[in-house]
Amino acid sequence: MTFDPRHKSRALLDGADRAAARSYFRAVGFTDEDLSRPLVGIAHCWIELTPCNSNHRKLAQKVAEGIRANGGTPIEFNTISVTDGIAMGTEGMKASLISRDWIADSVELVTRGHLLDGLVTLSGCDKTIPAMVMAMARLDLPSVMLYGGSIMYGEYKGRRMTVQDIFEAIGARNAGKIDDNELHAVECAACPGEGACGGQFTANTMATAFAMLGVSPMGFNDVPAPDPRKEEIAYQTGRLAMDVLRKGLTPRQIITKKALYNAIAGVMATGGSTNAVLHLLAVAKEAGVALTIDEFDRISRKTPLLADMKPWGSYTAPEMHEAGGMGLVARRLLDAGLLNEKELTVTGRTIGDEARAARETPGQKVVRALNDPIKPEGGLVILRGNLAPDGCVAKVSGQKKDAHRGPARVFDREEDCFAAVKAGKIKANDVIVIRWEGPKGGPGMREMLHVTGAIQGAGLGDKVALMTDGRFSGATHGFMIGHIAPEAADGGPIAALKTGDTIVIDIKKRRLDVELSGAELKKRLKAVKKPKPRYTWGVMAKYARLVSSASEGAVTG
């Protein structure tokens with residue numbers, strides 16, 4: 001049966017009864033011909049605050065040209081963004097994860113409110129990427145997601161750099177290892193122009209994961225933001241959106257359990273961000289697919305770490321693109337028998353077809369051969385134990401040690417921990433604990449790059465561990481454990497810890513424990529005094545009331 005490309009907009013625009021609606025369209029320049037065609041939304045996140053999304057209006061114009069050329073009427077609209085690299089280490093960072101669900105809500109509302117027939121979403125910074133796919137999954141309209149692209153690497157003293165280097169330079173400056181002039185030089189060099197953070201941090205992790213999921217065309221997201229080809233790709237995305245609309249191909253036909261497994265395998269093979277766990281759980285929920293954190297660990301155990309990517313490795317996202325991109329990683333997974341190759345993608349081809357079409361640049365060093373993996377298992381693991389009954393996430397990419405036992409240094413706010421690091425009060429073997437920073441307790445589950453960067457810059461990266469019910473930036477590396485669930489605000493055992501308690505981390509056994517008896521933990525938890533909420537009105541308070549556990553994706557629906 002033929003799919004009607006105007007399956008929604010006919011009810012909005014056709015017939016005498018809809019004259020008033022048409023008059024509003026005419027007022028802003030739409031013609032009779034425009035209103036006779038399918039209406040395709042172009043949702044983007046342009047904002048003047050960030051390089052991550054600064055090319056969205058330019059790309060939206062090219063997407064619109066592609067939609068028009070293939071018989072549709074484009075309708076551009078924008079939503080918000082919160083820039084992690086700017087907000088990091090402040091109260092502003094609490095808005096970041098909250099923005100993910102708000103962006104998804106706003107795109108859903110505009111699209112539903114105006115009966116759009118199809119959708120192209122443009123994403124850039126960390127939360128905008130999963131937010132757009134969450135909205136697509138909710139709406140289940142024919143849709144395509146295009147990532148605005150990675151920033152190029154900066155260069156300083158012959159070294160290729162990313163924003164990660166600035167955060168670590170702050171730590172080095174505070175430790176007296178470099179001076180203000182050196183810090184300023186790094187600050188000026190690391191971020192050279194438009195595009196999202198250049199390593200396999202959260203933005204590039206999610207952009208590559210969604211190519212593996214199939215909601216973005218393979219190869220489109222890999223092209224860096226400043227590359228002249230990006231505008232042509234945007235045009236082709238617009239054309240593709242009309243093909244997808246005519247076929248009636250919707251996100252829920254693409255976002256299956258096996259496709260999500262492909263996305264997870266892509267994250268594990270590239271040593272991607274811990275945030276991928278939160279975001280893929282959230283997308284699965286919006287698509288009506290049951291997915292648990294334990295499935296991430298199961299896939300990690302059998303997926304080799306292949307891509308040598310920053311923050312823990314050597315190369316940036318533009319260099320990954322030059323090597324062969326995510327298609328090459330998909331090809332490696334296909335050859336290893338780890339790809340569900342029959343899963344459909346937005347192009348109409350299967351992910352197996354896309355993997356077989358990948359081209360490897362001769363001599364590239366970014367993506368290892370299957371017989372020479374960086375590690376035999378993936379870059380993320382799920383731990384449980386008496387401190388994380390509902391699980392937590394550890395990033396092990398680039399980690400040589402797989403166990404740590406040491407005394408807890410407990411902080412109830414990120415700022416207090418940063419001050420302690422800056423003052424030289426953190427010692428080798430400490431296990432830093434930052435709590436009351438979870439989805440409800442923060443609220444907003446702040447990332448901790450300000451702290452983890454300071455730890456690295458102070459030379460403590462391989463000497464201490466850090467655990468939190470908050471999150472980490474994709475640029476974080478070191479022995480770091482986040483997303484501890486239940487969080488302190490939900491009565492999690494992390495709330496009962498005291499400075500000096502002995503914490504034991506065992507990656508091989510997938511355990512996170514404190515050396516206390518069950519009776520002692522229970523006694524302490526009964527005596528815990530919950531801090532007063534930092535926000536009692538507004539979006540922060542609303543989020544704290546609605547949000548679920550990190551182990552369920554920290555979703556509000």
# chains A, B, ... in the order shown; residues from 1 in each chain; ligands from 1
$ residues_around --residues "range 148-164 of chain A" --least-positions-apart "3" --cutoff "7 Å" --atoms "only C-alpha atoms" --output "PyMOL selection string"
chain A and resi 53+55-56+122-124+167-168+186+189-199+204+221-225+311+316-318+475
$ select_by_dssp --residues "range 401-529 of chain A" --states "helix (DSSP H, G or I)" --output "PyMOL selection string"
chain A and resi 414-422+449-457+488-490+493-496+518-527
$ residues_around --residues "range 38-43 of chain A" --least-positions-apart "5" --cutoff "6 Å" --atoms "only C-alpha atoms" --output "ChimeraX atom specification"
/A:5-6,72-78,116-121
$ residues_around --residues "Leu291 in chain A" --least-positions-apart "3" --cutoff "10 Å" --atoms "only C-alpha atoms" --output "ChimeraX atom specification"
/A:257,260-261,280-285,288,294-296,552-553
$ select_by_dssp --residues "range 42-264 of chain A" --states "strand (DSSP E)" --output "JSON, numbers by chain"
{"A": [42, 43, 44, 73, 74, 75, 76, 77, 78, 118, 119, 120, 121, 122, 123, 143, 144, 145, 146, 147, 154, 155, 156, 159, 160, 161]}
$ residues_around --residues "Met448 in chain A" --least-positions-apart "2" --cutoff "6 Å" --atoms "only C-alpha atoms" --output "list in words"
His450, Val451 and Phe472 of chain A
$ residues_around --residues "range 533-539 of chain A" --least-positions-apart "6" --cutoff "10 Å" --atoms "only C-alpha atoms" --output "list in words"
Ala95, Ile98, Ser99, Trp102, Lys440, Gly441, Gly442, Pro443, Ala489 and Arg545 of chain A
$ residues_around --residues "Val82 in chain A" --least-positions-apart "5" --cutoff "12 Å" --atoms "only C-alpha atoms" --output "list in words"
Cys45, Trp46, Ile47, Glu48, Leu49, Thr50, Pro51, Cys52, Asn53, Ala87, Met88, Gly92, Met93, Lys94, Ala95, Ser96, Leu97, Ile98, Ser99, Arg100, Asp101, Trp102, Ile103, Gly124, Cys125, Asp126, Lys127 and Thr128 of chain A
$ closest_residue --among "A:Val366, A:Ala458, A:Ile382, A:Ile351" --to "Ser551 in chain A" --atoms "only C-alpha atoms"
A:Ile382
$ atom_distance --atom1 "CA of Glu515 in chain A" --atom2 "CA of Ile484 in chain A"
17.1 Å
$ atom_distance --atom1 "CA of Glu343 in chain A" --atom2 "CA of Arg331 in chain A"
14.2 Å
$ closest_residue --among "A:Asp34, A:Glu231, A:Glu354, A:Asp17" --to "Val329 in chain A" --atoms "only C-alpha atoms"
A:Glu354
$ atom_distance --atom1 "CA of Asp501 in chain A" --atom2 "CA of Ala408 in chain A"
5.3 Å
$ decode --residues "range 210-239 of chain A" --atoms "N, CA, C and O atoms" --output "PDB file, in the first residue's frame"
ATOM      1  N   PHE A 210      24.742   6.693  16.364  1.00  0.00           N
ATOM      2  CA  PHE A 210      23.486   6.801  15.628  1.00  0.00           C
ATOM      3  C   PHE A 210      23.643   6.448  14.147  1.00  0.00           C
ATOM      4  O   PHE A 210      22.663   6.089  13.495  1.00  0.00           O
ATOM      5  N   ALA A 211      24.872   6.533  13.636  1.00  0.00           N
ATOM      6  CA  ALA A 211      25.119   5.965  12.311  1.00  0.00           C
ATOM      7  C   ALA A 211      25.027   4.444  12.384  1.00  0.00           C
ATOM      8  O   ALA A 211      24.470   3.795  11.493  1.00  0.00           O
ATOM      9  N   MET A 212      25.566   3.860  13.462  1.00  0.00           N
ATOM     10  CA  MET A 212      25.461   2.416  13.656  1.00  0.00           C
ATOM     11  C   MET A 212      24.021   1.996  13.918  1.00  0.00           C
ATOM     12  O   MET A 212      23.595   0.910  13.504  1.00  0.00           O
ATOM     13  N   LEU A 213      23.266   2.832  14.605  1.00  0.00           N
ATOM     14  CA  LEU A 213      21.854   2.547  14.859  1.00  0.00           C
ATOM     15  C   LEU A 213      21.045   2.579  13.569  1.00  0.00           C
ATOM     16  O   LEU A 213      20.036   1.870  13.441  1.00  0.00           O
ATOM     17  N   GLY A 214      21.466   3.437  12.628  1.00  0.00           N
ATOM     18  CA  GLY A 214      20.792   3.495  11.338  1.00  0.00           C
ATOM     19  C   GLY A 214      19.939   4.713  11.115  1.00  0.00           C
ATOM     20  O   GLY A 214      19.354   4.863  10.042  1.00  0.00           O
ATOM     21  N   VAL A 215      19.857   5.635  12.094  1.00  0.00           N
ATOM     22  CA  VAL A 215      18.997   6.810  11.925  1.00  0.00           C
ATOM     23  C   VAL A 215      19.705   7.959  11.214  1.00  0.00           C
ATOM     24  O   VAL A 215      19.074   8.943  10.834  1.00  0.00           O
ATOM     25  N   SER A 216      21.030   7.847  11.063  1.00  0.00           N
ATOM     26  CA  SER A 216      21.813   8.774  10.246  1.00  0.00           C
ATOM     27  C   SER A 216      22.483   7.967   9.139  1.00  0.00           C
ATOM     28  O   SER A 216      22.911   6.835   9.381  1.00  0.00           O
ATOM     29  N   PRO A 217      22.609   8.521   7.940  1.00  0.00           N
ATOM     30  CA  PRO A 217      23.297   7.790   6.873  1.00  0.00           C
ATOM     31  C   PRO A 217      24.765   7.565   7.217  1.00  0.00           C
ATOM     32  O   PRO A 217      25.444   8.483   7.698  1.00  0.00           O
ATOM     33  N   MET A 218      25.253   6.368   6.992  1.00  0.00           N
ATOM     34  CA  MET A 218      26.646   6.060   7.281  1.00  0.00           C
ATOM     35  C   MET A 218      27.567   6.999   6.505  1.00  0.00           C
ATOM     36  O   MET A 218      27.413   7.178   5.296  1.00  0.00           O
ATOM     37  N   GLY A 219      28.499   7.599   7.216  1.00  0.00           N
ATOM     38  CA  GLY A 219      29.468   8.498   6.604  1.00  0.00           C
ATOM     39  C   GLY A 219      29.109   9.959   6.674  1.00  0.00           C
ATOM     40  O   GLY A 219      30.000  10.820   6.660  1.00  0.00           O
ATOM     41  N   PHE A 220      27.823  10.293   6.742  1.00  0.00           N
ATOM     42  CA  PHE A 220      27.411  11.704   6.756  1.00  0.00           C
ATOM     43  C   PHE A 220      27.896  12.409   8.026  1.00  0.00           C
ATOM     44  O   PHE A 220      28.374  13.533   7.968  1.00  0.00           O
ATOM     45  N   ASN A 221      27.738  11.751   9.172  1.00  0.00           N
ATOM     46  CA  ASN A 221      28.100  12.385  10.438  1.00  0.00           C
ATOM     47  C   ASN A 221      29.611  12.516  10.614  1.00  0.00           C
ATOM     48  O   ASN A 221      30.082  13.366  11.366  1.00  0.00           O
ATOM     49  N   ASP A 222      30.367  11.660   9.919  1.00  0.00           N
ATOM     50  CA  ASP A 222      31.822  11.657  10.077  1.00  0.00           C
ATOM     51  C   ASP A 222      32.482  12.921   9.548  1.00  0.00           C
ATOM     52  O   ASP A 222      33.547  13.318  10.031  1.00  0.00           O
ATOM     53  N   VAL A 223      31.886  13.551   8.545  1.00  0.00           N
ATOM     54  CA  VAL A 223      32.526  14.700   7.886  1.00  0.00           C
ATOM     55  C   VAL A 223      32.598  15.871   8.854  1.00  0.00           C
ATOM     56  O   VAL A 223      31.578  16.298   9.404  1.00  0.00           O
ATOM     57  N   PRO A 224      33.792  16.434   9.107  1.00  0.00           N
ATOM     58  CA  PRO A 224      33.929  17.526  10.078  1.00  0.00           C
ATOM     59  C   PRO A 224      33.134  18.769   9.685  1.00  0.00           C
ATOM     60  O   PRO A 224      32.848  19.003   8.503  1.00  0.00           O
ATOM     61  N   ALA A 225      32.804  19.574  10.666  1.00  0.00           N
ATOM     62  CA  ALA A 225      31.987  20.769  10.442  1.00  0.00           C
ATOM     63  C   ALA A 225      32.585  21.731   9.420  1.00  0.00           C
ATOM     64  O   ALA A 225      31.858  22.258   8.571  1.00  0.00           O
ATOM     65  N   PRO A 226      33.904  22.006   9.440  1.00  0.00           N
ATOM     66  CA  PRO A 226      34.437  23.001   8.508  1.00  0.00           C
ATOM     67  C   PRO A 226      34.672  22.468   7.090  1.00  0.00           C
ATOM     68  O   PRO A 226      34.989  23.247   6.188  1.00  0.00           O
ATOM     69  N   ASP A 227      34.525  21.170   6.903  1.00  0.00           N
ATOM     70  CA  ASP A 227      34.778  20.569   5.586  1.00  0.00           C
ATOM     71  C   ASP A 227      33.753  21.087   4.576  1.00  0.00           C
ATOM     72  O   ASP A 227      32.541  21.020   4.824  1.00  0.00           O
ATOM     73  N   PRO A 228      34.191  21.591   3.430  1.00  0.00           N
ATOM     74  CA  PRO A 228      33.247  22.098   2.418  1.00  0.00           C
ATOM     75  C   PRO A 228      32.208  21.074   1.979  1.00  0.00           C
ATOM     76  O   PRO A 228      31.111  21.438   1.547  1.00  0.00           O
ATOM     77  N   ARG A 229      32.534  19.786   2.111  1.00  0.00           N
ATOM     78  CA  ARG A 229      31.584  18.730   1.716  1.00  0.00           C
ATOM     79  C   ARG A 229      30.374  18.656   2.642  1.00  0.00           C
ATOM     80  O   ARG A 229      29.368  18.036   2.295  1.00  0.00           O
ATOM     81  N   LYS A 230      30.468  19.280   3.819  1.00  0.00           N
ATOM     82  CA  LYS A 230      29.366  19.167   4.777  1.00  0.00           C
ATOM     83  C   LYS A 230      28.094  19.794   4.213  1.00  0.00           C
ATOM     84  O   LYS A 230      26.984  19.299   4.451  1.00  0.00           O
ATOM     85  N   GLU A 231      28.221  20.881   3.481  1.00  0.00           N
ATOM     86  CA  GLU A 231      27.030  21.525   2.922  1.00  0.00           C
ATOM     87  C   GLU A 231      26.379  20.653   1.854  1.00  0.00           C
ATOM     88  O   GLU A 231      25.146  20.575   1.769  1.00  0.00           O
ATOM     89  N   GLU A 232      27.171  19.966   1.050  1.00  0.00           N
ATOM     90  CA  GLU A 232      26.605  19.049   0.059  1.00  0.00           C
ATOM     91  C   GLU A 232      25.912  17.885   0.745  1.00  0.00           C
ATOM     92  O   GLU A 232      24.848  17.431   0.310  1.00  0.00           O
ATOM     93  N   ILE A 233      26.505  17.399   1.848  1.00  0.00           N
ATOM     94  CA  ILE A 233      25.874  16.324   2.617  1.00  0.00           C
ATOM     95  C   ILE A 233      24.537  16.785   3.182  1.00  0.00           C
ATOM     96  O   ILE A 233      23.557  16.031   3.207  1.00  0.00           O
ATOM     97  N   ALA A 234      24.482  18.052   3.643  1.00  0.00           N
ATOM     98  CA  ALA A 234      23.217  18.586   4.147  1.00  0.00           C
ATOM     99  C   ALA A 234      22.164  18.610   3.047  1.00  0.00           C
ATOM    100  O   ALA A 234      20.988  18.264   3.270  1.00  0.00           O
ATOM    101  N   TYR A 235      22.564  19.016   1.844  1.00  0.00           N
ATOM    102  CA  TYR A 235      21.641  19.016   0.703  1.00  0.00           C
ATOM    103  C   TYR A 235      21.136  17.591   0.426  1.00  0.00           C
ATOM    104  O   TYR A 235      19.925  17.374   0.236  1.00  0.00           O
ATOM    105  N   GLN A 236      22.047  16.627   0.428  1.00  0.00           N
ATOM    106  CA  GLN A 236      21.659  15.239   0.179  1.00  0.00           C
ATOM    107  C   GLN A 236      20.771  14.701   1.294  1.00  0.00           C
ATOM    108  O   GLN A 236      19.896  13.867   1.050  1.00  0.00           O
ATOM    109  N   THR A 237      20.972  15.187   2.509  1.00  0.00           N
ATOM    110  CA  THR A 237      20.098  14.789   3.623  1.00  0.00           C
ATOM    111  C   THR A 237      18.675  15.255   3.374  1.00  0.00           C
ATOM    112  O   THR A 237      17.707  14.521   3.640  1.00  0.00           O
ATOM    113  N   GLY A 238      18.525  16.479   2.858  1.00  0.00           N
ATOM    114  CA  GLY A 238      17.198  16.984   2.518  1.00  0.00           C
ATOM    115  C   GLY A 238      16.524  16.143   1.453  1.00  0.00           C
ATOM    116  O   GLY A 238      15.327  15.815   1.553  1.00  0.00           O
ATOM    117  N   ARG A 239      17.261  15.793   0.424  1.00  0.00           N
ATOM    118  CA  ARG A 239      16.711  14.924  -0.631  1.00  0.00           C
ATOM    119  C   ARG A 239      16.319  13.562  -0.060  1.00  0.00           C
ATOM    120  O   ARG A 239      15.255  13.017  -0.371  1.00  0.00           O
TER     121      ARG A 239
END
